[in-house]
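K.L.:
Provided herewith: start32.cif, mmCIF, C-alpha atoms.
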data_start
#
loop_
_atom_site.label_atom_id
_atom_site.label_comp_id
_atom_site.auth_asym_id
_atom_site.auth_seq_id
_atom_site.Cartn_x
_atom_site.Cartn_y
_atom_site.Cartn_z
CA MET A 281 -38.04 15.55 -23.11
CA SER A 282 -34.34 14.62 -22.98
CA ASP A 283 -33.32 18.29 -23.18
CA VAL A 284 -35.59 19.13 -20.26
CA LEU A 285 -34.27 16.20 -18.24
CA GLU A 286 -30.65 17.11 -18.93
CA ALA A 287 -31.31 20.73 -17.96
CA SER A 288 -32.75 19.59 -14.64
CA LEU A 289 -29.64 17.64 -13.68
CA PRO A 290 -26.97 19.71 -11.91
CA PHE A 291 -24.02 18.05 -13.65
CA ASP A 292 -22.99 21.39 -15.06
CA LEU A 293 -22.13 22.37 -11.48
CA LEU A 294 -19.49 19.68 -11.18
CA ALA A 295 -15.96 21.04 -10.94
CA PRO A 296 -13.43 19.82 -13.50
CA GLN A 297 -11.02 17.22 -12.11
CA PRO A 298 -7.32 16.90 -12.96
CA ALA A 299 -6.37 14.03 -15.23
CA ASP A 300 -4.59 11.09 -13.63
CA ALA A 301 -0.90 11.71 -14.30
CA LEU A 302 -0.02 8.00 -14.15
CA LEU A 303 -2.65 7.10 -16.74
CA GLY A 304 -1.22 9.79 -18.97
CA LEU A 305 2.23 8.31 -18.52
CA ILE A 306 0.94 4.88 -19.54
CA THR A 307 -0.49 6.38 -22.72
CA LEU A 308 2.79 8.10 -23.56
CA TYR A 309 4.77 4.89 -22.95
CA ARG A 310 2.51 2.82 -25.19
CA ALA A 311 2.79 5.37 -27.98
CA ASP A 312 6.61 5.34 -27.82
CA SER A 313 7.97 3.13 -30.63
CA ARG A 314 11.53 2.88 -29.24
CA LEU A 315 12.44 -0.74 -28.54
CA ASP A 316 14.76 0.14 -25.65
CA LYS A 317 12.22 2.21 -23.69
CA ILE A 318 11.99 1.56 -19.94
CA ASP A 319 8.77 1.78 -17.90
CA LEU A 320 9.48 2.73 -14.27
CA GLY A 321 6.10 4.34 -13.69
CA VAL A 322 3.32 1.79 -13.19
CA GLY A 323 3.40 0.35 -9.67
CA VAL A 324 3.19 -3.38 -10.33
CA PHE A 325 5.77 -6.10 -9.80
CA ARG A 326 7.52 -7.32 -12.93
CA ASP A 327 9.75 -10.32 -13.49
CA ASP A 328 12.94 -10.50 -15.57
CA ASP A 329 10.84 -10.71 -18.74
CA GLY A 330 8.99 -7.52 -17.89
CA GLN A 331 5.77 -9.39 -17.13
CA THR A 332 3.49 -9.26 -14.09
CA PRO A 333 3.07 -13.02 -13.64
CA ILE A 334 0.35 -15.02 -11.95
CA MET A 335 2.05 -16.74 -9.04
CA ARG A 336 2.31 -20.53 -9.12
CA ALA A 337 0.32 -20.99 -5.91
CA VAL A 338 -2.40 -18.69 -7.23
CA LYS A 339 -2.73 -20.75 -10.41
CA ALA A 340 -2.93 -23.96 -8.38
CA ALA A 341 -5.48 -22.47 -5.98
CA GLU A 342 -7.66 -21.27 -8.87
CA ALA A 343 -7.57 -24.75 -10.39
CA ALA A 344 -8.60 -26.26 -7.06
CA LEU A 345 -11.44 -23.77 -6.66
CA PHE A 346 -12.71 -24.58 -10.14
CA GLU A 347 -13.06 -28.21 -9.09
CA VAL A 348 -14.70 -27.75 -5.68
CA GLN A 349 -16.76 -24.54 -5.82
CA THR A 350 -20.47 -25.30 -6.15
CA THR A 351 -22.00 -21.82 -5.83
CA LYS A 352 -21.46 -18.13 -6.45
CA SER A 353 -23.95 -17.08 -3.79
CA TYR A 354 -23.30 -14.13 -1.47
CA LEU A 355 -20.97 -14.52 1.51
CA GLY A 356 -22.24 -11.49 3.43
CA ALA A 357 -20.83 -8.06 4.23
CA GLU A 358 -17.88 -9.52 6.16
CA GLY A 359 -16.76 -11.54 3.15
CA ASP A 360 -14.79 -14.76 3.59
CA ALA A 361 -14.34 -15.02 7.36
CA LEU A 362 -11.78 -17.85 7.12
CA TYR A 363 -9.71 -15.79 4.68
CA THR A 364 -9.58 -12.94 7.20
CA GLU A 365 -8.74 -15.33 10.04
CA LEU A 366 -5.89 -17.07 8.19
CA LEU A 367 -4.49 -13.80 6.84
CA ALA A 368 -4.51 -12.33 10.37
CA GLU A 369 -2.07 -15.08 11.40
CA ILE A 370 0.34 -13.93 8.67
CA VAL A 371 0.01 -10.31 9.77
CA PHE A 372 -0.28 -10.45 13.56
CA GLY A 373 1.30 -13.78 14.50
CA ASP A 374 0.37 -14.80 18.05
CA GLN A 375 -1.78 -11.68 18.47
CA ALA A 376 -4.19 -12.72 15.71
CA SER A 377 -6.68 -14.35 18.08
CA SER A 378 -7.04 -11.35 20.39
CA GLU A 379 -10.64 -10.78 21.45
CA ARG A 380 -10.03 -7.05 21.08
CA MET A 381 -9.50 -7.42 17.33
CA SER A 382 -12.20 -7.04 14.65
CA GLY A 383 -11.44 -7.88 11.02
CA VAL A 384 -13.37 -7.95 7.76
CA GLN A 385 -12.56 -8.59 4.11
CA THR A 386 -12.47 -5.51 1.86
CA PRO A 387 -12.15 -4.76 -1.87
CA GLY A 388 -8.40 -4.25 -1.90
CA GLY A 389 -6.27 -2.15 0.38
CA THR A 390 -8.02 0.96 -0.92
CA GLY A 391 -11.34 -0.43 0.30
CA ALA A 392 -9.76 -1.13 3.67
CA LEU A 393 -8.48 2.44 3.92
CA ARG A 394 -11.86 3.87 2.96
CA LEU A 395 -13.75 1.65 5.40
CA GLY A 396 -11.34 2.65 8.16
CA ALA A 397 -11.77 6.31 7.22
CA GLU A 398 -15.55 6.03 7.35
CA LEU A 399 -15.36 4.29 10.72
CA LEU A 400 -13.15 7.07 12.09
CA ALA A 401 -15.48 9.73 10.72
CA ARG A 402 -18.45 8.06 12.39
CA ALA A 403 -16.59 7.67 15.70
CA ASN A 404 -14.88 11.07 15.81
CA PRO A 405 -15.62 13.41 12.90
CA ASP A 406 -13.32 16.07 14.38
CA ALA A 407 -10.24 13.83 14.25
CA LYS A 408 -7.42 14.96 11.97
CA VAL A 409 -5.47 12.44 9.94
CA TRP A 410 -1.72 13.12 9.78
CA LEU A 411 -0.01 12.08 6.56
CA GLY A 412 3.70 11.97 5.88
CA SER A 413 5.07 14.05 3.03
CA PRO A 414 5.22 12.51 0.53
CA THR A 415 2.80 9.60 0.70
CA TRP A 416 0.73 7.51 -1.71
CA PRO A 417 -1.30 10.12 -3.66
CA ASN A 418 -4.60 8.36 -2.94
CA HIS A 419 -4.29 8.60 0.85
CA ALA A 420 -5.45 12.21 1.21
CA PRO A 421 -8.48 11.87 -1.16
CA ILE A 422 -9.66 8.71 0.62
CA PHE A 423 -9.83 10.43 4.00
CA ALA A 424 -11.19 13.66 2.52
CA GLU A 425 -14.05 11.82 0.81
CA ALA A 426 -14.95 10.36 4.20
CA GLY A 427 -15.22 13.91 5.54
CA LEU A 428 -12.01 13.90 7.58
CA LYS A 429 -9.47 16.70 7.60
CA THR A 430 -5.85 15.83 6.85
CA ARG A 431 -2.62 17.48 7.91
CA ASN A 432 0.88 16.85 6.59
CA HIS A 433 4.01 16.18 8.58
CA ARG A 434 7.57 15.90 7.35
CA PHE A 435 8.70 12.38 6.52
CA TYR A 436 11.29 12.19 3.75
CA ASP A 437 14.56 14.09 3.73
CA HIS A 438 15.63 14.45 0.09
CA ALA A 439 19.20 15.36 1.02
CA SER A 440 19.88 12.13 2.92
CA ALA A 441 17.26 10.01 1.12
CA GLY A 442 16.12 8.90 4.57
CA VAL A 443 13.46 9.65 7.16
CA ASP A 444 13.34 13.15 8.62
CA PHE A 445 12.32 11.84 12.01
CA THR A 446 13.17 15.00 13.91
CA GLY A 447 11.04 17.06 11.53
CA MET A 448 8.22 14.53 11.80
CA LEU A 449 8.13 14.67 15.59
CA ASP A 450 8.32 18.45 15.52
CA ASP A 451 5.29 18.65 13.20
CA LEU A 452 3.34 16.13 15.27
CA ARG A 453 3.49 18.44 18.29
CA ASP A 454 0.29 19.92 16.91
CA ALA A 455 -1.50 16.55 16.93
CA ARG A 456 -4.20 16.20 19.56
CA ALA A 457 -5.67 13.23 21.42
CA GLY A 458 -7.97 11.34 19.07
CA ASP A 459 -6.03 12.35 15.97
CA VAL A 460 -4.79 9.64 13.60
CA ILE A 461 -1.30 9.02 12.20
CA LEU A 462 -1.18 7.17 8.88
CA LEU A 463 1.92 4.95 8.84
CA HIS A 464 3.30 2.71 6.08
CA GLY A 465 3.93 -0.65 7.74
CA CYS A 466 6.88 -1.41 5.45
CA CYS A 467 8.17 -0.62 1.94
CA HIS A 468 7.15 3.02 1.90
CA ASN A 469 5.39 4.26 -1.23
CA PRO A 470 6.81 6.37 -2.88
CA THR A 471 10.20 6.72 -1.16
CA GLY A 472 11.30 3.25 -0.02
CA ALA A 473 12.62 4.84 3.21
CA SER A 474 12.02 3.06 6.50
CA PHE A 475 11.80 3.86 10.18
CA SER A 476 14.45 2.20 12.34
CA PRO A 477 13.29 -0.13 15.18
CA ASP A 478 14.05 2.66 17.67
CA GLN A 479 11.95 5.11 15.65
CA TRP A 480 9.04 2.67 15.50
CA ALA A 481 9.29 2.31 19.29
CA ALA A 482 9.31 6.09 19.68
CA LEU A 483 6.21 6.41 17.48
CA SER A 484 4.42 3.77 19.51
CA ASN A 485 5.30 5.62 22.71
CA LEU A 486 4.16 8.90 21.17
CA CYS A 487 0.77 7.42 20.31
CA GLU A 488 0.43 5.98 23.82
CA THR A 489 1.35 9.14 25.70
CA ARG A 490 -0.55 11.56 23.44
CA GLY A 491 -3.65 9.48 22.79
CA LEU A 492 -3.05 9.25 19.03
CA ILE A 493 -4.39 6.40 16.90
CA PRO A 494 -1.99 4.68 14.50
CA PHE A 495 -3.54 3.69 11.17
CA ILE A 496 -1.10 1.34 9.45
CA ASP A 497 -1.21 0.76 5.70
CA LEU A 498 0.48 -2.61 5.09
CA ALA A 499 0.47 -3.15 1.33
CA TYR A 500 3.80 -4.90 0.65
CA GLN A 501 4.32 -7.49 3.40
CA GLY A 502 7.02 -9.95 2.33
CA LEU A 503 8.54 -7.73 -0.36
CA GLY A 504 10.90 -5.89 1.98
CA ASP A 505 12.86 -8.12 4.35
CA GLY A 506 10.49 -11.06 4.88
CA LEU A 507 6.95 -11.81 6.02
CA ALA A 508 7.69 -11.69 9.75
CA GLU A 509 10.23 -8.89 9.44
CA ASP A 510 7.86 -6.67 7.48
CA ALA A 511 5.11 -7.20 10.08
CA LEU A 512 7.29 -6.57 13.13
CA ALA A 513 6.45 -2.88 13.46
CA THR A 514 2.73 -3.61 13.14
CA ARG A 515 2.90 -6.34 15.79
CA THR A 516 4.85 -4.07 18.14
CA ILE A 517 2.32 -1.26 17.89
CA PHE A 518 -0.70 -3.52 18.26
CA ALA A 519 0.89 -5.19 21.28
CA GLN A 520 1.52 -1.87 23.04
CA LEU A 521 -1.52 0.24 22.24
CA PRO A 522 -5.19 -0.23 23.17
CA SER A 523 -6.46 1.12 19.84
CA ALA A 524 -4.95 0.71 16.39
CA ILE A 525 -6.09 0.20 12.79
CA LEU A 526 -4.55 -1.79 9.94
CA ALA A 527 -5.45 -1.70 6.24
CA TYR A 528 -4.02 -4.64 4.29
CA SER A 529 -3.58 -5.42 0.60
CA CYS A 530 -2.91 -8.77 -1.07
CA ASP A 531 -2.41 -7.11 -4.46
CA LYS A 532 1.37 -7.17 -4.43
CA ASN A 533 2.42 -10.11 -2.29
CA PHE A 534 -0.09 -12.47 -3.93
CA GLY A 535 0.00 -10.74 -7.33
CA LEU A 536 -3.78 -10.32 -7.24
CA TYR A 537 -3.95 -6.74 -8.49
CA ARG A 538 -7.18 -6.91 -10.50
CA GLU A 539 -8.99 -9.16 -7.98
CA ARG A 540 -9.11 -6.43 -5.31
CA VAL A 541 -8.22 -8.41 -2.18
CA GLY A 542 -7.75 -6.68 1.14
CA ALA A 543 -8.78 -6.59 4.79
CA LEU A 544 -9.29 -4.12 7.63
CA TRP A 545 -8.54 -4.86 11.27
CA VAL A 546 -9.39 -2.60 14.19
CA GLN A 547 -8.11 -3.15 17.73
CA SER A 548 -10.17 -1.76 20.59
CA GLY A 549 -9.77 -1.43 24.35
CA ASN A 550 -11.89 -4.46 25.24
CA ARG A 551 -14.13 -7.11 23.74
CA ALA A 552 -17.36 -5.16 24.23
CA ILE A 553 -16.01 -2.21 22.27
CA ALA A 554 -14.57 -4.58 19.65
CA ASP A 555 -18.04 -6.07 19.10
CA ARG A 556 -19.48 -2.57 18.66
CA VAL A 557 -16.69 -1.71 16.22
CA ARG A 558 -17.42 -4.82 14.20
CA MET A 559 -21.13 -3.98 13.95
CA ASN A 560 -20.26 -0.52 12.66
CA MET A 561 -17.70 -1.89 10.21
CA LEU A 562 -20.31 -4.22 8.75
CA SER A 563 -23.01 -1.56 8.50
CA LEU A 564 -20.59 0.80 6.74
CA ALA A 565 -19.38 -1.95 4.42
CA ARG A 566 -22.99 -2.77 3.56
CA SER A 567 -23.53 0.80 2.36
CA LEU A 568 -20.18 1.11 0.57
CA TRP A 569 -20.05 -2.13 -1.45
CA SER A 570 -22.62 -4.45 0.11
CA MET A 571 -20.53 -7.61 -0.39
CA PRO A 572 -16.82 -7.80 -1.22
CA PRO A 573 -15.71 -9.81 -4.28
CA ASP A 574 -15.03 -13.44 -3.45
CA HIS A 575 -12.62 -14.92 -5.99
CA GLY A 576 -9.34 -13.36 -4.90
CA ALA A 577 -10.02 -13.88 -1.21
CA ALA A 578 -10.95 -17.51 -1.89
CA VAL A 579 -7.62 -17.93 -3.69
CA VAL A 580 -5.68 -16.52 -0.72
CA ARG A 581 -7.67 -18.65 1.72
CA THR A 582 -7.03 -21.78 -0.37
CA ILE A 583 -3.29 -21.06 -0.41
CA LEU A 584 -3.08 -20.42 3.33
CA GLU A 585 -5.15 -23.54 4.13
CA ASP A 586 -2.85 -25.85 2.16
CA ALA A 587 0.66 -26.40 3.56
CA ALA A 588 2.22 -27.13 0.17
CA LEU A 589 0.61 -24.15 -1.55
CA ARG A 590 1.55 -21.89 1.33
CA ALA A 591 5.17 -23.05 1.18
CA ASP A 592 5.31 -22.46 -2.57
CA TRP A 593 3.81 -18.98 -2.16
CA VAL A 594 6.38 -18.10 0.51
CA SER A 595 9.17 -19.40 -1.75
CA GLU A 596 8.05 -17.43 -4.81
CA LEU A 597 7.49 -14.33 -2.70
CA GLY A 598 11.08 -14.71 -1.49
CA SER A 599 12.28 -14.78 -5.09
CA MET A 600 10.32 -11.61 -5.84
CA ARG A 601 11.83 -9.92 -2.80
CA GLU A 602 15.36 -10.92 -3.78
CA ARG A 603 14.81 -9.62 -7.30
CA LEU A 604 13.80 -6.20 -5.92
CA ASN A 605 16.65 -6.04 -3.41
CA GLY A 606 19.16 -7.26 -5.98
CA LEU A 607 18.13 -4.51 -8.41
CA ARG A 608 18.41 -2.00 -5.58
CA ARG A 609 21.99 -3.06 -4.95
CA LEU A 610 22.87 -2.69 -8.63
CA VAL A 611 21.42 0.82 -8.84
CA ALA A 612 23.03 1.83 -5.53
CA ALA A 613 26.48 0.82 -6.76
CA ALA A 614 26.33 3.20 -9.73
CA HIS A 615 26.79 6.47 -7.82
CA PRO A 616 27.20 7.63 -4.19
CA ARG A 617 24.01 9.72 -4.45
CA LEU A 618 22.11 6.54 -5.32
CA SER A 619 23.60 4.46 -2.49
CA PRO A 620 20.58 4.91 -0.14
CA ILE A 621 18.47 2.99 -2.66
CA GLY A 622 20.43 -0.13 -1.69
CA VAL A 623 19.20 -0.07 1.92
CA GLN A 624 15.68 1.09 1.16
CA ARG A 625 12.96 -1.50 0.69
CA GLY A 626 9.97 -2.25 -1.48
CA MET A 627 9.11 -1.46 -5.05
CA PHE A 628 9.70 2.28 -5.05
CA ALA A 629 12.44 4.87 -4.71
CA MET A 630 12.73 8.63 -5.20
CA LEU A 631 15.48 9.85 -7.51
CA PRO A 632 17.27 13.09 -6.57
CA ILE A 633 16.24 14.85 -9.78
CA ALA A 634 13.93 17.71 -10.78
CA PRO A 635 10.77 17.36 -12.92
CA ALA A 636 12.62 18.88 -15.88
CA VAL A 637 15.13 16.02 -15.72
CA VAL A 638 12.29 13.49 -15.56
CA ALA A 639 10.94 14.98 -18.79
CA ALA A 640 14.39 14.96 -20.41
CA LEU A 641 14.96 11.30 -19.55
CA ARG A 642 11.62 10.46 -21.12
CA GLU A 643 12.24 12.47 -24.28
CA ASP A 644 15.91 11.63 -24.81
CA HIS A 645 16.15 8.07 -23.51
CA GLY A 646 12.62 6.63 -23.37
CA ILE A 647 12.80 6.26 -19.58
CA TYR A 648 9.36 6.77 -18.07
CA MET A 649 8.72 7.65 -14.42
CA ALA A 650 6.43 9.79 -12.26
CA GLY A 651 7.01 13.52 -12.42
CA ASN A 652 8.38 13.67 -8.86
CA GLY A 653 11.16 11.21 -9.67
CA ARG A 654 9.50 8.16 -8.13
CA ILE A 655 10.56 4.97 -9.87
CA ASN A 656 9.29 1.41 -9.70
CA ILE A 657 12.41 -0.67 -9.11
CA ALA A 658 10.68 -3.74 -10.57
CA GLY A 659 10.54 -2.01 -13.96
CA LEU A 660 14.30 -2.55 -14.28
CA ARG A 661 16.20 -5.66 -15.32
CA ALA A 662 19.84 -6.47 -14.66
CA GLU A 663 20.71 -5.65 -18.26
CA THR A 664 18.82 -2.32 -18.26
CA VAL A 665 20.29 -1.00 -15.00
CA PRO A 666 23.51 0.22 -16.73
CA ILE A 667 21.45 1.91 -19.46
CA PHE A 668 19.28 3.59 -16.85
CA THR A 669 22.11 4.73 -14.59
CA GLN A 670 24.24 5.95 -17.51
CA ALA A 671 21.37 8.17 -18.67
CA LEU A 672 20.91 9.38 -15.11
CA MET A 673 24.54 10.21 -14.28
CA PRO A 674 24.78 13.63 -15.98
CA HIS A 675 21.82 14.84 -13.90
CA ILE A 676 23.06 13.79 -10.45
CA ASP A 677 25.28 16.11 -8.40
#
So, in terms of structure tokens, how does the structure I just supplied come out?

P.N.:
Amino acid sequence: MSDVLEASLPFDLLAPQPADALLGLITLYRADSRLDKIDLGVGVFRDDDGQTPIMRAVKAAEAALFEVQTTKSYLGAEGDALYTELLAEIVFGDQASSERMSGVQTPGGTGALRLGAELLARANPDAKVWLGSPTWPNHAPIFAEAGLKTRNHRFYDHASAGVDFTGMLDDLRDARAGDVILLHGCCHNPTGASFSPDQWAALSNLCETRGLIPFIDLAYQGLGDGLAEDALATRTIFAQLPSAILAYSCDKNFGLYRERVGALWVQSGNRAIADRVRMNMLSLARSLWSMPPDHGAAVVRTILEDAALRADWVSELGSMRERLNGLRRLVAAAHPRLSPIGVQRGMFAMLPIAPAVVAALREDHGIYMAGNGRINIAGLRAETVPIFTQALMPHID
């Protein structure tokens, strides 16, 4: 019977899928017995001891929840509404209460991106989503799985280690009204490069005049220049445009990686449309995950509700940000070709090296990074920066 059943299932028609390169890198790193090995691959924040700590405010909030929670019953498809409301104040400032805004809790930033993609596919299945090159590797698959077509535009100029804004605008000439531009709100992954305020203004004007919809992925708020500073571009775009989308992650700035805490906000032209958007968001969420997980969102809500916990979170987040920016300055001082890393922001940077050099650094020095030269700055420590840069020097022009 089992043979007949197996033969009737079309699993043999499934196409093979490529292995996850980052998971393979993790395996190689763990198998390396060298005590001085350096892991610059996995994209999580690390402290000076090489650990990904639980933040103080998170620990305190979890203790408080343990004492007061009386049920684990469902919250509904929208999740923790107060969490979304309080988080919106951090993201949007004075614009958070706009009646044109609809927001729901999601399972992480990835869930927010997927929900936004499904909403776009339902509203306009012919829309193309424009992605900068390079971008987070999961962006394209998320939109493709929702049935949307993606196109690439230039973003990063390897020669200057900055934004190729002229190339980007040239490529976007092919974008049509109703198309979507995926933008990193701050701390670009994987390059660390940022738009200038004038470039953000130009992008906002481009969306307005051409009828394009900005879809902002804000995954690192507070880890670049500050909470308000990292949200400034988002606030500017939402203030100017009738329609905009924001996917948000609390993984990095609250250190809640495994709890999967995120949110999606959609701004519409008026309240009536916003209500319709919300109904569609909830119906899609119901089919995708039914109810989002509660614990991480409850932790964030507890922190943002309590003035002392919020202040401690902001303080510790500031220390995390200074650690990243301080490491950037140390790396930047080692060589003129690395100097752009000092003005970039976030956890990631792209080294000006070829894949063969990446492999050589791994084999000869135990330095692990993605094959394209992307490094996680937080994987360094002050004492390992000289070791890292000394190994790198022979391979930089």

K.L.:
To one decimal place in Å, what is the distance between CA of Phe628 in chain A and CA of Pro387 in chain A?

P.N.:
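Atom-to-atom, CA of Phe628 in chain A to CA of Pro387 in chain A, that is 23.2 Å.
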
K.L.:
List the residues selected by the PyMOL selection byres ((chain A and resi 513) around 12) in the file shown, writing them as a ChimeraX atom specification.

P.N.:
/A:371-372,463-467,474-484,494,496-498,501,507-512,514-520,526

K.L.:
Around the point (-5.0, 12.9, 25.7), in the coordinates given by the file, pick out the residues reaching within 8 Å, counting only C-alpha atoms, and return them as a ChimeraX atom specification.

P.N.:
/A:456-458,489-492

K.L.:
Quick one: distance from CA of Ser619 in chain A to CA of Leu503 in chain A in Å, one decimal?

P.N.:
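CA of Leu503 in chain A lies at a distance of 19.5 Å from CA of Ser619 in chain A.
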
K.L.:
Evaluate the PyMOL selection byres ((chain A and resi 635) around 12) and record the selected residues as number ranges by chain, following the chain and residue labels used in the document.

P.N.:
A: 630-634, 636-642, 648-654, 675

K.L.:
Could you please take those selected residues and save C-alpha atoms as a PDB file, in the coordinates of the input?

P.N.:
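out-v6.pdb was written with the following content:
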ATOM      1  CA  MET A 630      12.730   8.630  -5.200  1.00  0.00           C
ATOM      2  CA  LEU A 631      15.480   9.850  -7.510  1.00  0.00           C
ATOM      3  CA  PRO A 632      17.270  13.090  -6.570  1.00  0.00           C
ATOM      4  CA  ILE A 633      16.240  14.850  -9.780  1.00  0.00           C
ATOM      5  CA  ALA A 634      13.930  17.710 -10.780  1.00  0.00           C
ATOM      6  CA  ALA A 636      12.620  18.880 -15.880  1.00  0.00           C
ATOM      7  CA  VAL A 637      15.130  16.020 -15.720  1.00  0.00           C
ATOM      8  CA  VAL A 638      12.290  13.490 -15.560  1.00  0.00           C
ATOM      9  CA  ALA A 639      10.940  14.980 -18.790  1.00  0.00           C
ATOM     10  CA  ALA A 640      14.390  14.960 -20.410  1.00  0.00           C
ATOM     11  CA  LEU A 641      14.960  11.300 -19.550  1.00  0.00           C
ATOM     12  CA  ARG A 642      11.620  10.460 -21.120  1.00  0.00           C
ATOM     13  CA  TYR A 648       9.360   6.770 -18.070  1.00  0.00           C
ATOM     14  CA  MET A 649       8.720   7.650 -14.420  1.00  0.00           C
ATOM     15  CA  ALA A 650       6.430   9.790 -12.260  1.00  0.00           C
ATOM     16  CA  GLY A 651       7.010  13.520 -12.420  1.00  0.00           C
ATOM     17  CA  ASN A 652       8.380  13.670  -8.860  1.00  0.00           C
ATOM     18  CA  GLY A 653      11.160  11.210  -9.670  1.00  0.00           C
ATOM     19  CA  ARG A 654       9.500   8.160  -8.130  1.00  0.00           C
ATOM     20  CA  HIS A 675      21.820  14.840 -13.900  1.00  0.00           C
TER      21      HIS A 675
END

K.L.:
Please write range 494-516 of chain A of the preceding block to a file containing C-alpha atoms, as a short mmCIF file (atom, residue, chain, number, x, y, z; two decimals), in the first residue's frame?

P.N.:
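So decode.cif came out as:
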data_model
loop_
_atom_site.label_atom_id
_atom_site.label_comp_id
_atom_site.auth_asym_id
_atom_site.auth_seq_id
_atom_site.Cartn_x
_atom_site.Cartn_y
_atom_site.Cartn_z
CA PRO A 494 7.70 52.60 -2.39
CA PHE A 495 7.97 49.42 -0.32
CA ILE A 496 10.39 50.12 2.52
CA ASP A 497 12.14 47.32 4.37
CA LEU A 498 13.14 48.74 7.77
CA ALA A 499 15.00 45.97 9.59
CA TYR A 500 17.73 47.82 11.52
CA GLN A 501 16.18 50.97 12.99
CA GLY A 502 18.45 52.35 15.72
CA LEU A 503 21.57 50.50 14.61
CA GLY A 504 22.68 53.13 12.10
CA ASP A 505 22.59 56.71 13.39
CA GLY A 506 19.74 56.60 15.92
CA LEU A 507 16.06 55.70 16.17
CA ALA A 508 14.73 58.98 14.77
CA GLU A 509 17.58 59.39 12.29
CA ASP A 510 17.12 55.90 10.85
CA ALA A 511 13.38 56.51 10.40
CA LEU A 512 13.71 59.94 8.78
CA ALA A 513 13.62 58.69 5.19
CA THR A 514 10.56 56.54 5.93
CA ARG A 515 8.74 59.45 7.56
CA THR A 516 9.59 61.75 4.64
#
